[in-house]
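Colleague: Structure below; questions to follow.
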Amino acid sequence: MIKVENLVKKYGNVTALNHLNCRFETGKVTVILGGSGSGKSTLLRQLTGLEKPDSGSVYFDGVNLTTANKKKLYGIRRKMGMLFQGSALFNYLNIFENIAFPLREHTKIADNIIKTIVTMKLEMVGLRGTEKLMPSQLSGGMMKRVGLARAMVMDPKIIFYDEPTSGLDPISTGVIDKLIKDLNQALNITSVVVSHDMESCFRIADNIMILFFGDIIAEGTVEEIRNSKDLRVKQFINGEPEGPIPFTRTDKNYLDEILFR
Amino acid sequence: MEIAASLGRITLNRLQILGRSGIFLFMSVFQAFLPPFRIPRLVKEIEFIGSKSFLIVFVTALFTGMVLGIQGYYSLSQFGAEAALGVMVALSIIRELGPVLCALMVTGRAGSAITAEIGIMKITDQFPALEMMAIDPLKYVISPKVVAGIISLPLLTAFFDLVGIAGGYLVGVKLLGVNEGAYLGKMVKAITFTDIHGGILKSLCFGLLITWISSFMGFTAEPTTEGVSRATTNAVVLTSLSILIVDYILTSLLL
Ligand SMILES: Nc1ncnc2c1ncn2[C@@H]1O[C@H](COP(=O)(O)OP(=O)(O)O)[C@@H](O)[C@H]1O
Ligand SMILES: [Mg+2]
């Protein structure tokens with residue numbers, strides 16, 4: 001389980017995370033929703049210890065990631081997998097070697113067993129036969145699936161997904177959603193998914209958390225969020241352009257600005 | 001007052017960058033000596049920085065030696081000292097032109113490529129991906145490059161020296177008719193170990209300088225396509241200038 005206490009992260013004078021308190025339960029799929037720039041990726045970077053917060057703590061199974069030294073952090077990371085927004089495949093390695101990479105670096109497993117493991121992971125994401133291709137030869141959806149195969153290869157206890165379905169066609173989206181759900185149910189892998197896709201969110205989530213410019217404005221089970229009376233939550237899940245969440249980012253009055261006042 | 005403040009800010013900023021690049025270098029060089037050792041990665045980097053530079057170094061060295069042959073002959077013959085042509089060519093190449101020109105050519109060929117490669121890895125989140133797999137990106141990506149630079153440059157420079165001296169021989173002895181025995185004999189007698197050590201020391205420093213600056217510029221590039229192309233240009237300019245400045249400092253210390 002991950003527990004977040006009073007987490008603050010600032011970039012210059014932008015407060016990306018504003019005193020967050022939340023928890024991510026073991027064996028559950030938690031979806032973090034929010035418009036772009038609301039701090040979702042920033043939160044993931046704090047949860048994984050990739051960045052240090054300005055204040056507050058993140059506990060992973062009781063270990064404080066914000067104060068852990070490098071050795072401890074790397075030990076914990078062996079239990080984590082992450083699918084990056086842009087897949088983050090190594091561009092100089094082919095698909096096989098990309099997936100085999102963590103095994104080669106961290107284990108002394110023999111080549112033929114590595115081959116078996118990689119083949120199994122590729123079968124899971126439906127990409128057997130692409131072993132010899134380079135990442136640049138794949139479509140965005142296929143790269144995400146390879147990224148997922150690589151994230152799973154060390155059998156992590158938790159997988160973080162940063163916008164796993166953004167920019168994908170509906171079928172690829174469905175495939176990825178099903179993979180996330182299957183991994184969670186079959187292998188009991190805890191999942192933290194960043195998304196702004198409502199449909200996909202309701203398909204996979206056990207719990208939902210909505211971020212709005214660094215603040216959590218709602219959290220709860222799928223049902224609780226669906227039935228929420230909060231106008232901001234309603235606007236977000238219905239995708240309405242008008243409402244308490246402003247579309248424009250500036251405080252300047254539009255009339256004032258076009259009339260040079 | 002404002003000028004002083006902004007000057008101070010700029011100086012502080014520069015110092016900060018210098019400090020950060022120092023830590024960056026320390027971490028990547030220091031970690032090169034800690035296990036696990038990734039020999040295949042090192043071999044690959046030596047191939048990229050070293051082996052693939054052989055042709056360009058060969059051509060540069062040959063023509064540099066040949067030009068020195070002509071220019072040297074012209075100057076020396078005014079004092080009737082053509083016999084010293086070998087000494088002149090060899091000393092200028094071993095002490096100065098070999099290490100410096102070799103380093104400049106490698107900067108253009110490999111340094112820019114290193115910056116671009118690392119910049120692209122940065123844009124596409126490959127460094128955090130390594131971090132998430134519990135692998136230190138500095139140790140995995142940067143250390144082999146720095147070590148490969150330190151190994152490759154002295155070897156390339158030795159090759160440059162040989163080819164350059166042969167180039168001077170071709171023009172001086174075969175074309176302009178300088179006595180062969182004088183060209184080689186006087187040369188061998190005049191060159192001391194200090195000259196050779198100095199050349200090697202310079203090339204070691206340049207190997208470090210090239211891989212350090214190019215890697216650092218890529219690592220700290222603004223994570224956009226323009227950011228990486230700017231970093232690549234800056235890396236080449238900064239490395240070339242640093243090579244010339246460090247060359248002066250080393251020369252004055254060694255003499
Ligand atoms: N490395 C960074 N440097 C400066 N500002 C950043 C950085 N990362 C994120 N931000 C800022 O923090 C805010 C939240 O960003 P992010 O977490 O990427 O949002 P999301 O993933 O929800 O779209 C944005 O205003 C963004 O500009
Ligand atoms: Mg994001």
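Simple scheme: letters A, B, ... for chains in structure tokens order, numbers from 1 for residues in each chain, numbers from 1 for ligands in the order shown.
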Please give me, as a PyMOL selection string, the residues lying within 6 Å of ligand 1 when counting only C-alpha atoms and all ligand atoms.
Modeller: chain A and resi 11+16+36-42
Colleague: If the limit is 12 Å from any atom of ligand 2, counting only C-alpha atoms and all ligand atoms, which residues qualify? Return them as a ChimeraX atom specification.
Modeller: /A:16,32-45,84-86,161-164,166,193-196,211
Colleague: Would you put the residues from that selection into a file with C-alpha atoms, as a PDB file, in the first residue's frame?
Modeller:
ATOM      1  CA  ALA A  16       2.052  21.248  -8.949  1.00  0.00           C
ATOM      2  CA  ILE A  32      -6.006   9.385 -11.001  1.00  0.00           C
ATOM      3  CA  LEU A  33      -8.118  11.677 -13.158  1.00  0.00           C
ATOM      4  CA  GLY A  34      -7.474  15.289 -14.048  1.00  0.00           C
ATOM      5  CA  GLY A  35      -7.114  17.701 -16.941  1.00  0.00           C
ATOM      6  CA  SER A  36      -3.686  18.305 -18.407  1.00  0.00           C
ATOM      7  CA  GLY A  37      -1.415  20.288 -16.146  1.00  0.00           C
ATOM      8  CA  SER A  38      -3.301  19.205 -13.037  1.00  0.00           C
ATOM      9  CA  GLY A  39      -0.249  17.431 -11.607  1.00  0.00           C
ATOM     10  CA  LYS A  40      -0.928  13.783 -12.454  1.00  0.00           C
ATOM     11  CA  SER A  41       2.523  12.974 -13.843  1.00  0.00           C
ATOM     12  CA  THR A  42       4.121  14.957 -11.036  1.00  0.00           C
ATOM     13  CA  LEU A  43       2.250  12.832  -8.491  1.00  0.00           C
ATOM     14  CA  LEU A  44       3.464   9.632 -10.208  1.00  0.00           C
ATOM     15  CA  ARG A  45       7.065  10.873 -10.047  1.00  0.00           C
ATOM     16  CA  PHE A  84       5.585   5.837 -19.385  1.00  0.00           C
ATOM     17  CA  GLN A  85       3.388   8.232 -21.305  1.00  0.00           C
ATOM     18  CA  GLY A  86       5.640   7.961 -24.367  1.00  0.00           C
ATOM     19  CA  TYR A 161       0.619   3.741 -15.852  1.00  0.00           C
ATOM     20  CA  ASP A 162       0.985   7.310 -17.133  1.00  0.00           C
ATOM     21  CA  GLU A 163      -1.851   7.952 -19.593  1.00  0.00           C
ATOM     22  CA  PRO A 164      -1.709   4.430 -21.020  1.00  0.00           C
ATOM     23  CA  SER A 166      -4.083   8.699 -24.557  1.00  0.00           C
ATOM     24  CA  VAL A 193      -3.377   4.628 -13.583  1.00  0.00           C
ATOM     25  CA  VAL A 194      -3.166   8.258 -14.646  1.00  0.00           C
ATOM     26  CA  SER A 195      -5.835   9.095 -17.171  1.00  0.00           C
ATOM     27  CA  HIS A 196      -8.168  11.710 -18.530  1.00  0.00           C
ATOM     28  CA  LEU A 211      -6.918  16.084  -9.241  1.00  0.00           C
TER      29      LEU A 211
END
Colleague: Using only C-alpha atoms, which chain A residues lie at most 9 Å away from chain B, written as a list in words?
Modeller: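 Using only C-alpha atoms, chain A residues at most 9 Å from chain B: Thr48, Gly49, Leu50, Lys71, Leu73, Tyr74, Gly75, Ile76, Arg77, Arg78, Met80, Gly81, Met82, Leu83, Phe84, Gln85, Gly86, Ser87, Ala88, Leu89, Phe90, Asn91, Pro102, Glu105, His106 and Ala151 of chain A.
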Colleague: Give me the residues within 10 Å of Leu176 (chain B) as number ranges by chain, counting only C-alpha atoms and dropping any in the same chain fewer than 6 places off.
Modeller: B: 69-70, 73, 82, 169-170
Colleague: Would you mind listing what lies within 8 Å of Leu85 (chain B) as a PyMOL selection string, with only C-alpha atoms counted and same-chain residues fewer than 6 positions away left out?
Modeller: chain B and resi 69+72-73+76+172+178+183
Colleague: How about saving the chosen residues, C-alpha atoms kept, as a PDB file, in the first residue's frame?
Modeller:
ATOM      1  CA  GLY B  69      56.388  19.323 -44.980  1.00  0.00           C
ATOM      2  CA  GLY B  72      58.694  23.635 -43.043  1.00  0.00           C
ATOM      3  CA  TYR B  73      60.806  23.131 -46.124  1.00  0.00           C
ATOM      4  CA  LEU B  76      64.003  25.992 -43.141  1.00  0.00           C
ATOM      5  CA  GLY B 172      59.851  16.369 -47.719  1.00  0.00           C
ATOM      6  CA  VAL B 178      65.354  16.215 -48.384  1.00  0.00           C
ATOM      7  CA  TYR B 183      64.809  13.412 -41.959  1.00  0.00           C
TER       8      TYR B 183
END
Colleague: Excluding same-chain residues fewer than 6 positions from Met142 (chain A), what lies within 9 Å of it counting only C-alpha atoms, as an NGL selection string?
Modeller: :A and (125 or 127 or 135 or 172)
Colleague: I'd like to know which of B:Lys139, B:Arg95, B:Arg9, B:Lys186 is closest to Ile200 (chain B), using only C-alpha atoms.
Modeller: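 Looking at the shortest contact to Ile200 (chain B), the residue is B:Arg95.
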Colleague: From the set B:Ser51, B:Asn179, B:Ser143, B:Thr157, which residue has the shortest atom-to-atom contact distance to Phe33 (chain B), counting only C-alpha atoms?
Modeller: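 Using only C-alpha atoms, Phe33 (chain B) sits closest to B:Ser143.
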Colleague: Using only C-alpha atoms, which of the listed residues (A:Leu65, A:Ile225, A:Leu183, A:Val146) sits closest to Glu51 (chain A)?
Modeller: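 Under the stated criterion, the closest residue is A:Leu65.
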Colleague: Tell me which protein, DNA and RNA residues are within 10 Å of Lys178 (chain A), counting only C-alpha atoms, leaving out same-chain ones fewer than 5 positions away, and put them as an mmCIF file with N, CA, C and O atoms, in the first residue's frame.
Modeller:
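File result_35.cif, as written:
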data_model
loop_
_atom_site.group_PDB
_atom_site.id
_atom_site.type_symbol
_atom_site.label_atom_id
_atom_site.label_comp_id
_atom_site.auth_asym_id
_atom_site.auth_seq_id
_atom_site.Cartn_x
_atom_site.Cartn_y
_atom_site.Cartn_z
ATOM 1 N N SER A 172 -7.168 -0.190 -29.652
ATOM 2 C CA SER A 172 -5.958 -0.270 -28.816
ATOM 3 C C SER A 172 -6.285 0.103 -27.379
ATOM 4 O O SER A 172 -5.776 -0.502 -26.429
ATOM 5 N N THR A 173 -7.138 1.135 -27.218
ATOM 6 C CA THR A 173 -7.535 1.546 -25.873
ATOM 7 C C THR A 173 -8.185 0.385 -25.141
ATOM 8 O O THR A 173 -7.856 0.084 -23.993
ATOM 9 N N LEU A 183 -4.255 -8.048 -15.600
ATOM 10 C CA LEU A 183 -3.060 -8.129 -14.757
ATOM 11 C C LEU A 183 -3.440 -7.978 -13.298
ATOM 12 O O LEU A 183 -2.919 -8.662 -12.426
ATOM 13 N N ASN A 184 -4.359 -7.053 -13.062
ATOM 14 C CA ASN A 184 -4.790 -6.791 -11.699
ATOM 15 C C ASN A 184 -5.533 -7.985 -11.114
ATOM 16 O O ASN A 184 -5.281 -8.412 -9.993
ATOM 17 N N SER A 200 -12.701 4.832 -20.246
ATOM 18 C CA SER A 200 -11.705 3.837 -19.880
ATOM 19 C C SER A 200 -11.562 3.775 -18.366
ATOM 20 O O SER A 200 -11.414 2.702 -17.781
ATOM 21 N N ARG A 203 -14.248 1.732 -16.828
ATOM 22 C CA ARG A 203 -14.093 0.307 -17.137
ATOM 23 C C ARG A 203 -13.134 -0.381 -16.179
ATOM 24 O O ARG A 203 -13.338 -1.524 -15.799
ATOM 25 N N ILE A 204 -12.038 0.302 -15.819
ATOM 26 C CA ILE A 204 -10.982 -0.404 -15.097
ATOM 27 C C ILE A 204 -10.917 -0.097 -13.607
ATOM 28 O O ILE A 204 -10.373 -0.886 -12.838
#
Colleague: Smallest atom-to-atom distance to Leu255 (chain B): which of B:Gly199, B:Pro137, B:Pro144, B:Gly19, using only C-alpha atoms?
Modeller: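 Distance minimum relative to Leu255 (chain B) lands on B:Gly199.
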Colleague: Separation of CA of Ile56 (chain B) and CA of Leu162 (chain B), in Å?
Modeller: 14.4 Å
Colleague: Report as a list in words all protein, DNA and RNA residues lying within 7 Å of Ser152 (chain B), evaluated on only C-alpha atoms, omitting residues in the same chain fewer than 4 positions from it.
Modeller: Ile46, Ile49, Gly50, Ala148 and Leu156 of chain B
Colleague: With C-alpha atoms kept, could you save the residues just selected as a PDB file, in the first residue's frame?
Modeller:
ATOM      1  CA  ILE B  46      35.167   2.586 -27.907  1.00  0.00           C
ATOM      2  CA  ILE B  49      34.298   7.058 -30.460  1.00  0.00           C
ATOM      3  CA  GLY B  50      37.545   5.365 -31.481  1.00  0.00           C
ATOM      4  CA  ALA B 148      35.866   5.146 -23.847  1.00  0.00           C
ATOM      5  CA  LEU B 156      43.873   7.905 -32.062  1.00  0.00           C
TER       6      LEU B 156
END
Colleague: State, in Å with one decimal place, the distance from CA of Met187 (chain B) to CA of Val57 (chain B).
Modeller: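 Result for CA of Met187 (chain B) versus CA of Val57 (chain B): 22.4 Å, one decimal.
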Colleague: Kindly indicate which residue among B:Ile142, B:Val173, B:Leu91, B:Leu55 lies nearest to Thr194 (chain B), using only C-alpha atoms for the distances.
Modeller: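 Residue with the minimum atom-to-atom distance to Thr194 (chain B): B:Leu91.
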Colleague: Enumerate as a PyMOL selection string all residues of region 81-254 of chain B assigned to alpha helix (DSSP H) by DSSP on the backbone, naming them with the chain letters and numbers the document uses.
Modeller: chain B and resi 85-92+98-106+112-123+126-132+137+143-169+180-190+193-219+225-254
Colleague: How many Å separate CA of Gly62 (chain A) from CA of Ile2 (chain A)?
Modeller: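 Taking CA of Gly62 (chain A) as the start and CA of Ile2 (chain A) as the end point, the length is 7.9 Å.
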Colleague: Could you check which of B:Thr220, B:Val89, B:Ser214, B:Ile39 is closest to Val106 (chain B), using only C-alpha atoms?
Modeller: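 Under the stated criterion, the closest residue is B:Ser214.
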